[in-house]
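Visitor: Encoded as structure tokens, here's the structure I'll be asking about.
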Amino acid sequence: MNDETNKPELPEFPAKLDVDWARQVLAAFGADVSQVHNDWCWAEFAAHYGEYRPKMEEYIATATTGNPAYAAYYMTRHCGSEYEWAEGVIESATTGDPSWAAYAAYCTARNRGSSREWAEGVIESATTGDPAYAAYCMTHYCDSSREWAEGVIATATTGDPAWAAFCMARFCGSSCEWAEGVRTRPQAGK
């Protein structure tokens, strides 16, 4: 325990959540880690350590390392965390794989109850990762408009807009001419 804050010494939040990390963080919470077997997964956390969910949520929300957007989505999917909490973490994530902020917004809207409008806003404002692909996914799976996704994809400066444009033409009714225009436009850093 850290005497100054009376909180446990938590391990650095990892980019990839694995069994060793699970044992370390649960031990720091004071849990008996005997249920964390080598095939541990998020559903195991909910089944055996549900009472530690509030502590885990605080740990994820205040993470300055690792990939908290990814973890927040998985907490809603497997551990009973509220999507409103995950939205806050996803919106404010400043570390980890930034592409997951946009993709986690899509996943949270598709699978966990977040609004389409919220996810679209997160995706529109993403400046890293692959907001173009997340926009395609929102159109294909969450009923976002084709026009909205085309706008995001056409102006994306990161990720793989050409692939997202291909997917839009193939699966969402965008024109091949539009997709070809995205594919041939100059992109920053290329």
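Naming scheme: A, B, ... for chains in displayed order of the structure tokens; residues 1 onward per chain; ligands 1 onward as shown.
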For Met168 of chain A, list every protein, DNA or RNA residue within 8 Å, evaluated using only C-alpha atoms, and leave out those in the same chain fewer than 4 positions away; present the list as a PyMOL selection string.

Guide: chain A and resi 136+146+150+164+172-174+179

Visitor: Can you pull out every residue from segment 6-189 of chain A that DSSP, working from the backbone, puts in helix (DSSP H, G or I), and format the result as a VMD selection string?

Guide: chain A and resid 19 to 28 33 to 35 42 to 61 68 to 78 83 to 92 99 to 111 116 to 125 131 to 142 146 to 155 161 to 171 176 to 184

Visitor: Write the residues you've just listed into a file as a CSV table (one decimal), in the first residue's frame, and include C-alpha atoms for each of them.

Guide:
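again.csv, written as the output of this step:
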chain,number,residue,atom,x,y,z
A,19,VAL,CA,-2.8,-13.1,-17.5
A,20,ASP,CA,0.3,-11.8,-15.7
A,21,TRP,CA,-1.2,-8.3,-15.6
A,22,ALA,CA,-4.6,-9.7,-14.4
A,23,ARG,CA,-2.8,-11.4,-11.5
A,24,GLN,CA,-0.8,-8.3,-10.6
A,25,VAL,CA,-3.7,-5.9,-10.6
A,26,LEU,CA,-6.1,-8.2,-8.8
A,27,ALA,CA,-3.5,-8.9,-6.1
A,28,ALA,CA,-3.0,-5.1,-5.7
A,33,VAL,CA,-5.8,-14.6,-7.5
A,34,SER,CA,-6.1,-18.3,-7.4
A,35,GLN,CA,-9.0,-18.1,-9.9
A,42,TRP,CA,-12.6,-10.8,-19.3
A,43,ALA,CA,-15.6,-13.0,-18.6
A,44,GLU,CA,-13.6,-14.7,-15.9
A,45,PHE,CA,-13.1,-11.3,-14.2
A,46,ALA,CA,-16.9,-10.8,-14.1
A,47,ALA,CA,-17.6,-14.3,-12.8
A,48,HIS,CA,-14.9,-14.4,-10.1
A,49,TYR,CA,-14.0,-10.8,-9.3
A,50,GLY,CA,-17.2,-8.7,-9.9
A,51,GLU,CA,-16.9,-7.0,-6.6
A,52,TYR,CA,-13.6,-5.4,-7.9
A,53,ARG,CA,-15.3,-3.8,-10.9
A,54,PRO,CA,-15.5,-0.3,-9.4
A,55,LYS,CA,-11.8,-0.4,-8.6
A,56,MET,CA,-11.0,-1.7,-12.1
A,57,GLU,CA,-13.1,1.0,-13.6
A,58,GLU,CA,-11.2,3.7,-11.6
A,59,TYR,CA,-7.9,2.1,-12.6
A,60,ILE,CA,-8.9,2.1,-16.3
A,61,ALA,CA,-10.3,5.6,-16.2
A,68,PRO,CA,-7.8,2.3,-21.7
A,69,ALA,CA,-10.3,2.7,-24.6
A,70,TYR,CA,-10.0,-1.0,-25.5
A,71,ALA,CA,-10.3,-2.0,-21.8
A,72,ALA,CA,-13.3,0.2,-21.3
A,73,TYR,CA,-15.2,-1.4,-24.2
A,74,TYR,CA,-14.3,-4.9,-22.9
A,75,MET,CA,-15.5,-3.9,-19.4
A,76,THR,CA,-18.9,-3.0,-20.8
A,77,ARG,CA,-19.0,-6.1,-23.0
A,78,HIS,CA,-17.9,-8.7,-20.4
A,83,TYR,CA,-21.7,2.3,-21.4
A,84,GLU,CA,-21.9,5.9,-20.1
A,85,TRP,CA,-18.7,5.2,-18.1
A,86,ALA,CA,-17.0,3.6,-21.1
A,87,GLU,CA,-18.0,6.6,-23.3
A,88,GLY,CA,-16.1,8.9,-20.9
A,89,VAL,CA,-13.0,6.8,-20.9
A,90,ILE,CA,-13.1,6.4,-24.7
A,91,GLU,CA,-13.6,10.2,-25.2
A,92,SER,CA,-10.7,11.1,-22.9
A,99,SER,CA,-7.1,3.9,-33.3
A,100,TRP,CA,-9.1,2.1,-30.6
A,101,ALA,CA,-10.8,5.3,-29.5
A,102,ALA,CA,-12.7,5.5,-32.8
A,103,TYR,CA,-13.1,1.8,-33.2
A,104,ALA,CA,-14.2,1.4,-29.5
A,105,ALA,CA,-16.8,4.1,-30.1
A,106,TYR,CA,-18.2,2.0,-33.0
A,107,CYS,CA,-18.1,-1.2,-30.9
A,108,THR,CA,-19.8,0.5,-28.0
A,109,ALA,CA,-22.5,1.9,-30.2
A,110,ARG,CA,-23.0,-1.4,-32.0
A,111,ASN,CA,-22.9,-3.7,-29.0
A,116,ARG,CA,-24.9,6.4,-32.9
A,117,GLU,CA,-24.6,10.1,-32.7
A,118,TRP,CA,-22.1,9.9,-29.8
A,119,ALA,CA,-20.0,7.4,-31.8
A,120,GLU,CA,-20.1,9.5,-34.9
A,121,GLY,CA,-18.8,12.5,-33.0
A,122,VAL,CA,-15.9,10.5,-31.5
A,123,ILE,CA,-15.0,9.1,-35.0
A,124,GLU,CA,-15.3,12.6,-36.7
A,125,SER,CA,-12.9,14.1,-34.2
A,131,PRO,CA,-11.5,6.7,-38.2
A,132,ALA,CA,-12.2,5.9,-41.9
A,133,TYR,CA,-12.7,2.2,-41.2
A,134,ALA,CA,-14.7,3.0,-38.1
A,135,ALA,CA,-17.0,5.2,-40.2
A,136,TYR,CA,-17.5,2.4,-42.7
A,137,CYS,CA,-18.4,0.1,-39.8
A,138,MET,CA,-20.9,2.6,-38.5
A,139,THR,CA,-22.6,2.7,-41.8
A,140,HIS,CA,-22.5,-1.0,-42.5
A,141,TYR,CA,-23.6,-2.1,-39.0
A,142,CYS,CA,-25.1,0.8,-37.1
A,146,ARG,CA,-23.6,6.7,-46.3
A,147,GLU,CA,-23.1,10.4,-46.8
A,148,TRP,CA,-21.7,10.9,-43.3
A,149,ALA,CA,-19.2,8.0,-43.7
A,150,GLU,CA,-18.1,9.2,-47.1
A,151,GLY,CA,-17.4,12.6,-45.6
A,152,VAL,CA,-15.3,11.1,-42.8
A,153,ILE,CA,-13.4,8.8,-45.2
A,154,ALA,CA,-12.8,11.5,-47.8
A,155,THR,CA,-11.2,13.8,-45.3
A,161,PRO,CA,-9.1,5.6,-46.1
A,162,ALA,CA,-8.6,3.7,-49.4
A,163,TRP,CA,-9.7,0.4,-47.8
A,164,ALA,CA,-12.6,2.0,-46.1
A,165,ALA,CA,-13.7,3.5,-49.4
A,166,PHE,CA,-13.4,0.1,-51.1
A,167,CYS,CA,-15.6,-1.4,-48.3
A,168,MET,CA,-18.1,1.5,-48.7
A,169,ALA,CA,-18.4,0.8,-52.5
A,170,ARG,CA,-18.6,-2.9,-52.1
A,171,PHE,CA,-21.0,-3.1,-49.2
A,176,CYS,CA,-16.8,3.2,-57.5
A,177,GLU,CA,-15.8,6.6,-58.9
A,178,TRP,CA,-15.9,8.1,-55.4
A,179,ALA,CA,-13.9,5.2,-53.9
A,180,GLU,CA,-11.3,5.5,-56.7
A,181,GLY,CA,-11.1,9.3,-55.9
A,182,VAL,CA,-10.3,8.5,-52.3
A,183,ARG,CA,-7.8,5.8,-53.3
A,184,THR,CA,-5.9,8.2,-55.7

Visitor: What's the 7 Å shell around Phe13 of chain A, counting only C-alpha atoms, without same-chain residues fewer than 5 positions away, as a list of chain:residue names?

Guide: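 The residues satisfying every condition are A:Ala63, A:Thr65, A:Gly66.
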
Visitor: I'd like the interatomic distance between atom CA of Ser114 of chain A and atom CA of Ser145 of chain A, to a tenth of an Å.

Guide: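 Calculated distance between atom CA of Ser114 of chain A and atom CA of Ser145 of chain A is 16.9 Å.
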
Visitor: Using atom CA of Thr64 of chain A and atom CA of Glu82 of chain A as the two end points, give the distance in Å to one decimal.

Guide: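 The value is 21.2 Å.
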
Visitor: Nearest to Ala93 of chain A: which of A:Gly159, A:Thr128, A:Arg112, A:Asp39 is it, counting only C-alpha atoms?

Guide: A:Thr128

Visitor: Would you compute the distance between atom CA of Phe29 of chain A and atom CA of Leu10 of chain A? Give it in Å to one decimal.

Guide: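 Pair atom CA of Phe29 of chain A / atom CA of Leu10 of chain A returns 8.1 Å.
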